[in-house]
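Visitor: For reference, this is entry-v4.pdb, and it has PDB, C-alpha atoms.
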ATOM      1  CA  MET A 664      18.282  -2.012   8.614
ATOM      2  CA  THR A 665      15.465  -1.461   6.129
ATOM      3  CA  VAL A 666      14.350  -4.082   3.642
ATOM      4  CA  ARG A 667      15.778  -1.928   0.872
ATOM      5  CA  GLU A 668      19.162  -1.840   2.633
ATOM      6  CA  VAL A 669      19.026  -5.609   3.055
ATOM      7  CA  MET A 670      18.384  -6.093  -0.638
ATOM      8  CA  ARG A 671      21.206  -3.700  -1.547
ATOM      9  CA  SER A 672      23.674  -5.515   0.711
ATOM     10  CA  LEU A 673      22.718  -8.839  -0.864
ATOM     11  CA  SER A 674      22.918  -7.561  -4.426
ATOM     12  CA  GLU A 675      26.314  -5.975  -3.746
ATOM     13  CA  GLY A 676      27.604  -9.202  -2.187
ATOM     14  CA  VAL A 677      28.387  -7.693   1.240
ATOM     15  CA  PRO A 678      25.589  -8.876   3.544
ATOM     16  CA  PRO A 679      26.021  -9.141   7.310
ATOM     17  CA  GLN A 680      26.476 -12.606   8.792
ATOM     18  CA  LEU A 681      23.328 -12.399  10.926
ATOM     19  CA  PHE A 682      19.877 -11.037  10.146
ATOM     20  CA  VAL A 683      17.190 -10.731  12.826
ATOM     21  CA  ILE A 684      13.907 -10.213  10.996
ATOM     22  CA  HIS A 685      10.764  -9.598  13.015
ATOM     23  CA  GLY A 686       7.328  -8.030  12.797
ATOM     24  CA  PRO A 687       3.892  -8.752  11.319
ATOM     25  CA  GLU A 688       4.408  -7.384   7.773
ATOM     26  CA  LYS A 689       4.628 -10.701   5.913
ATOM     27  CA  HIS A 690       5.447  -9.147   2.542
ATOM     28  CA  MET A 691       8.647  -7.687   4.006
ATOM     29  CA  HIS A 692       9.580 -11.121   5.370
ATOM     30  CA  ASP A 693       9.000 -12.584   1.911
ATOM     31  CA  GLN A 694      11.180  -9.955   0.240
ATOM     32  CA  VAL A 695      14.099 -10.666   2.558
ATOM     33  CA  TYR A 696      13.649 -14.424   2.170
ATOM     34  CA  GLU A 697      13.667 -14.218  -1.632
ATOM     35  CA  GLY A 698      16.710 -11.940  -1.525
ATOM     36  CA  LEU A 699      18.617 -14.430   0.621
ATOM     37  CA  LYS A 700      17.625 -17.299  -1.663
ATOM     38  CA  ALA A 701      18.815 -15.380  -4.731
ATOM     39  CA  HIS A 702      22.092 -14.534  -2.976
ATOM     40  CA  ALA A 703      22.752 -18.215  -2.271
ATOM     41  CA  ALA A 704      22.142 -19.041  -5.924
ATOM     42  CA  THR A 705      24.503 -16.374  -7.274
ATOM     43  CA  ASP A 706      27.257 -18.897  -8.019
ATOM     44  CA  GLY A 707      24.914 -21.582  -9.306
ATOM     45  CA  PHE A 708      24.848 -23.677  -6.120
ATOM     46  CA  GLY A 709      21.605 -22.385  -4.628
ATOM     47  CA  ASP A 710      20.152 -25.832  -3.918
ATOM     48  CA  TRP A 711      23.275 -26.778  -1.966
ATOM     49  CA  ASN A 712      24.047 -23.519  -0.241
ATOM     50  CA  PHE A 713      20.555 -22.565   0.944
ATOM     51  CA  ALA A 714      19.009 -24.341   3.925
ATOM     52  CA  VAL A 715      15.622 -23.658   5.541
ATOM     53  CA  LEU A 716      14.749 -24.769   9.072
ATOM     54  CA  TYR A 717      11.531 -24.200  11.010
ATOM     55  CA  GLY A 718      11.517 -23.204  14.637
ATOM     56  CA  HIS A 719       9.792 -25.521  17.123
ATOM     57  CA  LYS A 720      10.284 -26.519  20.739
ATOM     58  CA  ASP A 721      12.549 -29.426  19.789
ATOM     59  CA  LEU A 722      14.834 -27.523  17.418
ATOM     60  CA  THR A 723      18.285 -27.371  18.977
ATOM     61  CA  ALA A 724      21.000 -24.788  18.647
ATOM     62  CA  GLN A 725      23.294 -27.609  17.518
ATOM     63  CA  THR A 726      21.064 -28.361  14.526
ATOM     64  CA  VAL A 727      21.221 -24.730  13.378
ATOM     65  CA  LEU A 728      24.972 -24.557  13.974
ATOM     66  CA  SER A 729      25.551 -27.803  12.079
ATOM     67  CA  GLU A 730      23.868 -26.273   9.012
ATOM     68  CA  LEU A 731      25.903 -23.081   9.398
ATOM     69  CA  ARG A 732      29.185 -24.963   9.728
ATOM     70  CA  THR A 733      28.560 -26.984   6.564
ATOM     71  CA  ALA A 734      31.108 -25.866   3.986
ATOM     72  CA  PRO A 735      29.526 -24.148   0.959
ATOM     73  CA  TRP A 736      29.824 -25.529  -2.558
ATOM     74  CA  GLY A 737      31.813 -23.359  -4.905
ATOM     75  CA  PRO A 738      32.927 -19.829  -4.064
ATOM     76  CA  GLY A 739      29.564 -18.747  -2.655
ATOM     77  CA  GLU A 740      28.287 -18.490   0.918
ATOM     78  CA  ARG A 741      26.198 -20.825   3.003
ATOM     79  CA  VAL A 742      22.824 -19.247   3.839
ATOM     80  CA  VAL A 743      20.697 -20.722   6.621
ATOM     81  CA  VAL A 744      17.154 -19.463   7.210
ATOM     82  CA  VAL A 745      15.172 -20.249  10.347
ATOM     83  CA  LYS A 746      11.470 -19.444  10.013
ATOM     84  CA  GLU A 747       9.155 -19.147  13.028
ATOM     85  CA  ALA A 748      12.210 -18.596  15.206
ATOM     86  CA  GLN A 749       9.988 -17.443  18.078
ATOM     87  CA  GLN A 750       9.086 -21.132  18.550
ATOM     88  CA  ILE A 751      12.661 -22.064  19.554
ATOM     89  CA  ALA A 752      13.005 -22.872  23.246
ATOM     90  CA  ALA A 753      14.616 -20.074  25.265
ATOM     91  CA  ASP A 754      17.574 -22.178  26.408
ATOM     92  CA  GLN A 755      18.341 -23.217  22.824
ATOM     93  CA  LEU A 756      18.090 -19.642  21.574
ATOM     94  CA  ASN A 757      20.515 -18.588  24.317
ATOM     95  CA  ALA A 758      22.891 -21.401  23.343
ATOM     96  CA  LEU A 759      22.711 -20.378  19.698
ATOM     97  CA  THR A 760      23.463 -16.763  20.613
ATOM     98  CA  GLU A 761      26.496 -17.745  22.667
ATOM     99  CA  ALA A 762      27.846 -19.868  19.810
ATOM    100  CA  LEU A 763      27.410 -17.012  17.336
ATOM    101  CA  GLU A 764      29.371 -14.747  19.683
ATOM    102  CA  ALA A 765      32.202 -17.312  19.843
ATOM    103  CA  GLU A 766      32.213 -18.130  16.108
ATOM    104  CA  PRO A 767      31.486 -14.913  14.169
ATOM    105  CA  GLU A 768      32.808 -16.259  10.846
ATOM    106  CA  LEU A 769      30.100 -18.835  10.173
ATOM    107  CA  GLY A 770      27.788 -18.660   7.157
ATOM    108  CA  ILE A 771      24.881 -16.251   6.831
ATOM    109  CA  LEU A 772      22.083 -16.869   9.328
ATOM    110  CA  ALA A 773      18.642 -15.277   9.024
ATOM    111  CA  LEU A 774      16.267 -15.679  11.947
ATOM    112  CA  PHE A 775      12.640 -14.838  11.098
ATOM    113  CA  PHE A 776      10.444 -14.001  14.099
ATOM    114  CA  ALA A 777       6.720 -13.350  13.747
ATOM    115  CA  ALA A 778       7.205 -11.353  16.939
ATOM    116  CA  LEU A 779      10.328 -10.701  18.983
ATOM    117  CA  ASP A 780      10.276  -9.960  22.696
ATOM    118  CA  LYS A 781      13.102  -7.439  22.889
ATOM    119  CA  ARG A 782      13.283  -7.798  26.666
ATOM    120  CA  LEU A 783      14.724 -11.306  26.403
ATOM    121  CA  LYS A 784      18.446 -11.730  26.957
ATOM    122  CA  ALA A 785      18.879 -13.646  23.680
ATOM    123  CA  ALA A 786      16.920 -11.030  21.738
ATOM    124  CA  LYS A 787      19.143  -8.228  23.049
ATOM    125  CA  LYS A 788      22.304 -10.146  22.127
ATOM    126  CA  LEU A 789      21.041 -11.142  18.680
ATOM    127  CA  ARG A 790      20.151  -7.537  17.838
ATOM    128  CA  ALA A 791      23.613  -6.445  18.969
ATOM    129  CA  LEU A 792      25.411  -9.193  17.024
ATOM    130  CA  GLY A 793      23.534  -8.831  13.740
ATOM    131  CA  GLU A 794      21.374  -6.513  11.693
ATOM    132  CA  GLU A 795      17.804  -6.034  12.880
ATOM    133  CA  VAL A 796      15.134  -5.816  10.175
ATOM    134  CA  ASP A 797      11.958  -4.397  11.667
ATOM    135  CA  CYS A 798       8.906  -5.442   9.633
ATOM    136  CA  SER A 799       6.361  -3.337  11.506
ATOM    137  CA  PRO A 800       3.116  -2.369   9.758
ATOM    138  CA  VAL A 801       3.747   0.285   7.151
ATOM    139  CA  THR A 802       2.591   3.878   7.681
ATOM    140  CA  GLN A 803       1.102   6.067   4.962
ATOM    141  CA  GLY A 804       4.330   8.042   4.682
ATOM    142  CA  GLY A 805       6.377   4.856   4.703
ATOM    143  CA  LEU A 806       4.260   3.355   1.943
ATOM    144  CA  VAL A 807       4.716   6.465  -0.210
ATOM    145  CA  ARG A 808       8.494   6.274   0.280
ATOM    146  CA  TRP A 809       8.442   2.557  -0.536
ATOM    147  CA  LEU A 810       6.529   3.211  -3.753
ATOM    148  CA  LEU A 811       8.774   6.065  -4.886
ATOM    149  CA  ASP A 812      11.847   3.933  -4.154
ATOM    150  CA  ARG A 813      10.338   0.986  -6.035
ATOM    151  CA  ALA A 814       9.487   3.144  -9.038
ATOM    152  CA  ALA A 815      12.960   4.692  -9.104
ATOM    153  CA  SER A 816      14.672   1.306  -8.787
ATOM    154  CA  GLU A 817      12.806   0.152 -11.899
ATOM    155  CA  GLU A 818      13.589   3.424 -13.698
ATOM    156  CA  TYR A 819      10.039   4.801 -13.628
ATOM    157  CA  THR A 820       9.208   8.410 -12.904
ATOM    158  CA  MET A 821       6.365   9.098 -10.495
ATOM    159  CA  ASP A 822       5.799  12.395  -8.722
ATOM    160  CA  ARG A 823       4.931  12.453  -5.031
ATOM    161  CA  GLU A 824       1.336  13.547  -5.602
ATOM    162  CA  THR A 825       0.711  10.546  -7.856
ATOM    163  CA  ALA A 826       2.398   8.236  -5.341
ATOM    164  CA  GLU A 827       0.188   9.578  -2.555
ATOM    165  CA  TYR A 828      -2.903   9.011  -4.700
ATOM    166  CA  PHE A 829      -1.766   5.432  -5.427
ATOM    167  CA  CYS A 830      -1.319   4.787  -1.705
ATOM    168  CA  ARG A 831      -4.680   6.286  -0.808
ATOM    169  CA  ARG A 832      -6.290   3.834  -3.230
ATOM    170  CA  VAL A 833      -4.611   0.679  -1.922
ATOM    171  CA  GLY A 834      -4.627   1.592   1.773
ATOM    172  CA  LEU A 835      -1.956   0.447   4.224
ATOM    173  CA  ASP A 836      -1.479  -2.945   2.583
ATOM    174  CA  LEU A 837       2.086  -3.504   1.396
ATOM    175  CA  LEU A 838       1.309  -6.760  -0.399
ATOM    176  CA  LEU A 839      -1.561  -5.164  -2.309
ATOM    177  CA  ALA A 840       0.681  -2.172  -3.103
ATOM    178  CA  HIS A 841       3.302  -4.557  -4.500
ATOM    179  CA  GLN A 842       0.710  -6.375  -6.611
ATOM    180  CA  GLU A 843      -0.855  -3.164  -7.914
ATOM    181  CA  TRP A 844       2.539  -1.605  -8.705
ATOM    182  CA  THR A 845       3.443  -4.693 -10.730
ATOM    183  CA  LYS A 846       0.149  -4.395 -12.601
ATOM    184  CA  LEU A 847       0.699  -0.678 -13.195
ATOM    185  CA  ALA A 848       4.211  -1.282 -14.559
ATOM    186  CA  VAL A 849       2.823  -3.832 -17.036
ATOM    187  CA  TYR A 850       0.124  -1.348 -18.062
ATOM    188  CA  LEU A 851       2.703   1.381 -18.646
ATOM    189  CA  GLY A 852       4.829  -0.879 -20.840
ATOM    190  CA  GLY A 853       7.612   1.148 -22.387
ATOM    191  CA  GLU A 854       6.213   4.417 -21.051
ATOM    192  CA  LYS A 855       8.391   5.182 -18.043
ATOM    193  CA  VAL A 856       6.255   7.944 -16.523
ATOM    194  CA  ALA A 857       3.433   6.947 -14.157
ATOM    195  CA  ARG A 858       0.670   9.559 -14.036
ATOM    196  CA  ARG A 859      -2.399   9.864 -11.856
ATOM    197  CA  GLU A 860      -4.701   8.893 -14.713
ATOM    198  CA  ASP A 861      -2.697   5.677 -15.160
ATOM    199  CA  VAL A 862      -3.134   4.867 -11.478
ATOM    200  CA  GLU A 863      -6.840   5.583 -11.708
ATOM    201  CA  ALA A 864      -7.147   3.328 -14.752
ATOM    202  CA  VAL A 865      -5.617   0.146 -13.320
ATOM    203  CA  VAL A 866      -4.920   0.315  -9.569
ATOM    204  CA  CYS A 867      -7.557  -1.466  -7.465
ATOM    205  CA  LEU A 868      -8.998  -0.057  -4.279
ATOM    206  CA  GLY A 869      -8.016  -1.738  -1.052
ATOM    207  CA  PRO A 870     -10.872  -3.242   0.994
ATOM    208  CA  GLU A 871     -11.016  -0.275   3.347
ATOM    209  CA  ARG A 872     -10.992   2.125   0.399
ATOM    210  CA  GLN A 873     -13.791   0.522  -1.624
ATOM    211  CA  ALA A 874     -16.534   2.641  -0.107
ATOM    212  CA  ASP A 875     -14.550   5.856  -0.713
ATOM    213  CA  GLY A 876     -13.959   4.810  -4.308
ATOM    214  CA  ALA A 877     -17.652   4.094  -4.822
ATOM    215  CA  VAL A 878     -18.551   7.603  -3.624
ATOM    216  CA  PHE A 879     -16.284   9.081  -6.290
ATOM    217  CA  ASP A 880     -17.815   6.729  -8.866
ATOM    218  CA  LEU A 881     -21.186   8.058  -7.747
ATOM    219  CA  VAL A 882     -20.313  11.716  -8.348
ATOM    220  CA  ASP A 883     -18.813  10.780 -11.715
ATOM    221  CA  ALA A 884     -22.084   9.068 -12.686
ATOM    222  CA  ILE A 885     -24.054  12.124 -11.572
ATOM    223  CA  SER A 886     -21.761  14.383 -13.606
ATOM    224  CA  ALA A 887     -22.163  12.136 -16.646
ATOM    225  CA  LYS A 888     -25.971  12.309 -16.232
ATOM    226  CA  ASP A 889     -26.046   8.523 -15.960
ATOM    227  CA  SER A 890     -28.997   8.223 -13.587
ATOM    228  CA  ASP A 891     -29.317   4.430 -13.677
ATOM    229  CA  ARG A 892     -25.643   3.879 -12.849
ATOM    230  CA  ALA A 893     -25.767   6.542 -10.143
ATOM    231  CA  GLN A 894     -28.673   4.787  -8.422
ATOM    232  CA  VAL A 895     -26.931   1.401  -8.583
ATOM    233  CA  ILE A 896     -23.801   2.857  -6.982
ATOM    234  CA  LEU A 897     -25.839   4.728  -4.372
ATOM    235  CA  HIS A 898     -27.632   1.541  -3.300
ATOM    236  CA  SER A 899     -24.309  -0.314  -3.079
ATOM    237  CA  LEU A 900     -23.070   2.423  -0.745
ATOM    238  CA  PHE A 901     -26.150   2.052   1.421
ATOM    239  CA  ARG A 902     -25.609  -1.720   1.587
ATOM    240  CA  ALA A 903     -22.007  -1.074   2.673
ATOM    241  CA  GLY A 904     -23.305   1.040   5.536
ATOM    242  CA  GLU A 905     -22.331   4.466   4.202
ATOM    243  CA  ALA A 906     -24.168   7.311   5.947
ATOM    244  CA  PRO A 907     -26.106   9.805   3.783
ATOM    245  CA  LEU A 908     -24.482  12.721   5.623
ATOM    246  CA  ARG A 909     -21.072  11.425   4.567
ATOM    247  CA  ILE A 910     -22.079  11.225   0.911
ATOM    248  CA  LEU A 911     -23.765  14.638   0.722
ATOM    249  CA  PRO A 912     -20.601  16.780   1.123
ATOM    250  CA  LEU A 913     -18.935  15.017  -1.807
ATOM    251  CA  ILE A 914     -21.964  15.619  -4.014
ATOM    252  CA  GLU A 915     -21.875  19.295  -3.022
ATOM    253  CA  ARG A 916     -18.140  19.425  -3.756
ATOM    254  CA  GLN A 917     -18.739  17.973  -7.213
ATOM    255  CA  LEU A 918     -21.310  20.677  -7.968
ATOM    256  CA  ARG A 919     -18.749  23.320  -6.951
ATOM    257  CA  LEU A 920     -16.176  21.712  -9.244
ATOM    258  CA  LEU A 921     -18.634  21.678 -12.124
ATOM    259  CA  MET A 922     -19.502  25.332 -11.544
ATOM    260  CA  ALA A 923     -15.808  26.254 -11.360
ATOM    261  CA  ALA A 924     -15.067  24.237 -14.502
ATOM    262  CA  LYS A 925     -17.631  26.301 -16.409
ATOM    263  CA  SER A 926     -16.083  29.586 -15.309
ATOM    264  CA  SER A 927     -12.361  28.857 -14.972
ATOM    265  CA  GLY A 928     -11.492  29.858 -18.509
ATOM    266  CA  GLY A 929      -9.002  26.994 -18.638
ATOM    267  CA  ARG A 930      -6.969  28.362 -15.700
ATOM    268  CA  THR A 931      -7.471  25.211 -13.694
ATOM    269  CA  ALA A 932      -4.383  25.501 -11.471
ATOM    270  CA  ASP A 933      -5.288  28.994 -10.210
ATOM    271  CA  THR A 934      -8.962  28.121  -9.820
ATOM    272  CA  ALA A 935      -8.251  24.900  -7.918
ATOM    273  CA  LYS A 936      -5.898  26.750  -5.573
ATOM    274  CA  ALA A 937      -8.539  29.408  -4.900
ATOM    275  CA  MET A 938     -11.019  26.636  -4.086
ATOM    276  CA  GLY A 939      -8.659  25.083  -1.561
ATOM    277  CA  GLU A 940      -8.062  21.959  -3.651
ATOM    278  CA  LYS A 941      -4.650  20.284  -3.305
ATOM    279  CA  SER A 942      -4.349  19.958  -7.079
ATOM    280  CA  ASP A 943      -6.335  20.709 -10.214
ATOM    281  CA  TYR A 944      -6.838  17.034 -11.060
ATOM    282  CA  SER A 945     -10.488  16.915  -9.920
ATOM    283  CA  LEU A 946     -11.232  20.226 -11.616
ATOM    284  CA  LYS A 947      -9.775  19.029 -14.915
ATOM    285  CA  LYS A 948     -11.876  15.898 -14.613
ATOM    286  CA  ALA A 949     -14.998  17.973 -13.931
ATOM    287  CA  MET A 950     -14.369  19.948 -17.127
ATOM    288  CA  ARG A 951     -15.290  16.830 -19.118
ATOM    289  CA  TYR A 952     -18.806  17.010 -17.700
ATOM    290  CA  ALA A 953     -19.378  20.766 -17.366
ATOM    291  CA  LYS A 954     -21.318  20.925 -20.615
ATOM    292  CA  ASN A 955     -23.944  18.571 -19.142
ATOM    293  CA  PHE A 956     -25.166  21.308 -16.767
ATOM    294  CA  SER A 957     -26.339  24.866 -17.178
ATOM    295  CA  ASN A 958     -25.538  27.390 -14.469
ATOM    296  CA  ALA A 959     -29.208  27.392 -13.501
ATOM    297  CA  GLN A 960     -29.176  23.602 -13.088
ATOM    298  CA  LEU A 961     -26.109  23.770 -10.860
ATOM    299  CA  LEU A 962     -27.641  26.479  -8.684
ATOM    300  CA  GLU A 963     -30.773  24.366  -8.397
ATOM    301  CA  GLY A 964     -28.519  21.435  -7.470
ATOM    302  CA  PHE A 965     -26.966  23.405  -4.603
ATOM    303  CA  HIS A 966     -30.470  24.241  -3.394
ATOM    304  CA  ARG A 967     -31.480  20.566  -3.474
ATOM    305  CA  VAL A 968     -28.344  19.570  -1.519
ATOM    306  CA  VAL A 969     -29.247  22.072   1.216
ATOM    307  CA  LEU A 970     -32.811  20.759   1.346
ATOM    308  CA  ALA A 971     -31.617  17.139   1.518
ATOM    309  CA  ASP A 972     -29.155  17.976   4.292
ATOM    310  CA  ALA A 973     -31.856  19.710   6.331
ATOM    311  CA  ALA A 974     -34.320  16.878   5.751
ATOM    312  CA  VAL A 975     -31.894  14.211   6.938
ATOM    313  CA  LYS A 976     -30.955  16.201  10.037
ATOM    314  CA  LEU A 977     -34.639  16.702  10.851
ATOM    315  CA  GLY A 978     -35.322  12.981  10.772
ATOM    316  CA  THR A 979     -36.392  12.243   7.201
ATOM    317  CA  ASP A 980     -35.306   8.850   5.832
ATOM    318  CA  GLY A 981     -31.748   9.619   4.701
ATOM    319  CA  GLU A 982     -31.651   6.987   1.977
ATOM    320  CA  GLN A 983     -34.893   8.227   0.472
ATOM    321  CA  ALA A 984     -33.642  11.826   0.532
ATOM    322  CA  LEU A 985     -30.397  10.816  -1.216
ATOM    323  CA  GLU A 986     -32.218   8.730  -3.815
ATOM    324  CA  GLU A 987     -34.406  11.710  -4.698
ATOM    325  CA  LEU A 988     -31.435  14.084  -4.819
ATOM    326  CA  VAL A 989     -29.316  11.807  -7.012
ATOM    327  CA  PHE A 990     -32.230  11.189  -9.365
ATOM    328  CA  ARG A 991     -32.839  14.919  -9.785
ATOM    329  CA  LEU A 992     -29.174  15.747 -10.332
ATOM    330  CA  ALA A 993     -28.392  12.895 -12.723
ATOM    331  CA  HIS A 994     -31.664  12.931 -14.658
ATOM    332  CA  THR A 995     -31.377  14.112 -18.267
ATOM    333  CA  ASP A 996     -33.768  17.010 -18.823
TER     334      ASP A 996
END
Would you kindly transcribe this structure into structure tokens?

Guide:
Amino acid sequence: MTVREVMRSLSEGVPPQLFVIHGPEKHMHDQVYEGLKAHAATDGFGDWNFAVLYGHKDLTAQTVLSELRTAPWGPGERVVVVKEAQQIAADQLNALTEALEAEPELGILALFFAALDKRLKAAKKLRALGEEVDCSPVTQGGLVRWLLDRAASEEYTMDRETAEYFCRRVGLDLLLAHQEWTKLAVYLGGEKVARREDVEAVVCLGPERQADGAVFDLVDAISAKDSDRAQVILHSLFRAGEAPLRILPLIERQLRLLMAAKSSGGRTADTAKAMGEKSDYSLKKAMRYAKNFSNAQLLEGFHRVVLADAAVKLGTDGEQALEELVFRLAHTD
């Protein structure tokens, strides 16, 4: 059962009686927990019908069962949450499982495991009795699907390319993705279409993406002929441990984009496709700066990139070679 399916079952008032939630993705745990809490409060008796226990070696099956057997107030359901369920002693977890088999009509029980050993007898029975919610680390494809689902559920339109760009910026961090989506939705206001430029304007880079983002800031500064800013960004990249030979190809790519922008005649989609670009977004962006360079300057720039590449590979100080290249490219003649 996915987190989305859990939330749908709770909102529709037809949840299973037992949830077995496990895995390291804490944000998913939090989503399920908040959904269960909201479900218990549906009829206005949330404080009475929602109980939270914490697993430890002295927690007994009888304690959990006593909470489950407590009659709910009003027409709602009793919801019992056990956090850190992996701390429950094996014999007590077995006893709890046997009781749940014998009494299937108790209230809703949600067992939250930081990690679940699926080889254990109790784990196998619990997964068979209830609905398993696997909170494994999110993949890139899974994060894109999560974002598109989230946008659709809040009646926003976002195409897949924009969603993929969003996810590349935040990295594989579901909590950060949640925070940045919330921020993006506020930024959009009444505008229900999320575009790439909106994502670029407000969505922060995840920690592992900060260096990549700085490289793109660098090529933007070069294109804008902002030499001082370009040098500041370049030095920050060096401090972060970025290798000159990783930065050089992106500078060369930017020169190609600028050259193409000057000769595309406005046919950015066709030109970008011919260049092997996945979209014309970068080419459109380069068109803002194309007027800052003559064709001769761009050709000279390609020549300087080749010289810098050769110098670094032959043992010249890479940082010095990049500093000289960036200065020459971004300097206003």

Visitor: Show me a table, sorted first by chain and then by increasing residue number, of the residues of segment 771-877 of chain A having an atom at most 12 Å from segment 719-739 of chain A, each with its shortest atom pair and the distance in Å to one decimal, counting all atoms listed in the file and written as a tab-separated table.

Guide:
residue	atom	partner	partner_atom	distance
A:Ile771	CA	A:Leu731	CA	7.4
A:Leu772	CA	A:Leu731	CA	7.3
A:Ala773	CA	A:Leu731	CA	10.7
A:Leu774	CA	A:Val727	CA	10.4
A:Phe776	CA	A:His719	CA	11.9

Visitor: With only C-alpha atoms as the basis for distance, which of A:Asp706, A:Asp933, A:Glu827, A:Glu761 is at the shortest distance from Leu789 of chain A?

Guide: A:Glu761

Visitor: Could you give me, as an MDAnalysis selection string, the residues within 10 Å of Ala714 of chain A, counting all atoms listed in the file and dropping anything in the same chain fewer than 2 positions from it?

Guide: chainID A and resid 700 703 709:712 716 727 730:731 741:745 772

Visitor: So which residues get picked by the PyMOL selection byres ((chain A and resi 812-816) around 10) here, written as an MDAnalysis selection string?

Guide: chainID A and resid 667 806:811 817:822 826 841 844 848 855:857

Visitor: From the set A:Val833, A:Leu763, A:Val666, A:Ala932, which residue has the shortest atom-to-atom contact distance to Ser799 of chain A, counting all atoms listed in the file?

Guide: A:Val666

Visitor: Translate the PyMOL selection byres ((chain A and resi 955) around 8) into a concrete residue list for this structure, as a PyMOL selection string.

Guide: chain A and resi 886-888+952-954+956-957

Visitor: Distance atom CA of Ala704 of chain A-atom CA of Glu675 of chain A, one decimal place?

Guide: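 The value is 13.9 Å.
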
Visitor: For the PyMOL selection byres ((chain A and resi 965) around 12), applied here, can you spell out every residue it catches as a VMD selection string?

Guide: chain A and resid 911 to 922 958 to 964 966 to 972 988 991 to 992

Visitor: Kindly give the distance, in Å, that separates atom CA of Gln894 of chain A and atom CA of Leu881 of chain A, rounded to a single decimal.

Guide: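 Separation between atom CA of Gln894 of chain A and atom CA of Leu881 of chain A: 8.2 Å.
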
Visitor: Would you mind reading off the distance between atom CA of Ser899 of chain A and atom CA of His994 of chain A, one decimal, in Å?

Guide: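 Atom CA of His994 of chain A lies at a distance of 19.1 Å from atom CA of Ser899 of chain A.
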
Visitor: Determine, counting only C-alpha atoms, which protein, DNA and RNA residues have an atom within 8 Å of an atom of Phe829 of chain A; residues of the same chain fewer than 3 positions away are not included. Present the result as a list of chain:residue names.

Guide: A:Thr825, A:Ala826, A:Arg832, A:Val833, A:Arg859, A:Val862, A:Val866

Visitor: Name the residues, using the chain letters and numbers of the file, that sit within 7 Å of (0.5, -11.5, -1.2) when counting all atoms listed in the file, and give them as a list in words.

Guide: His690, Leu838 and Leu839 of chain A

Visitor: Around the point (10.9, -14.6, 6.4) (coordinates from the file), which residues reach within 8 Å if we count all atoms listed in the file? Answer as an MDAnalysis selection string.

Guide: chainID A and resid 684 689 691:696 744 746 774:776

Visitor: May I ask which of the residues A:Leu699, A:Ala884, A:Ala973, A:Val865 is the closest one to Met670 of chain A, counting only C-alpha atoms?

Guide: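 Selected residue with least distance to Met670 of chain A: A:Leu699.
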
Visitor: I'd like to know which of A:Glu905, A:Lys784, A:His702, A:Tyr717 is closest to Val677 of chain A, using all atoms listed in the file.

Guide: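 Closest to Val677 of chain A, using all atoms listed in the file: A:His702.
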
Visitor: Which residue, A:Ile896, A:Cys830, A:Met950, A:Ile885, has the smallest gap to Cys867 of chain A when you use all atoms listed in the file?

Guide: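 Using all atoms listed in the file, Cys867 of chain A sits closest to A:Cys830.
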
Visitor: Under the rule that all atoms listed in the file are counted, which of A:Val878, A:Glu843, A:Lys787, A:Pro800 is the nearest residue to Ala864 of chain A?

Guide: A:Glu843
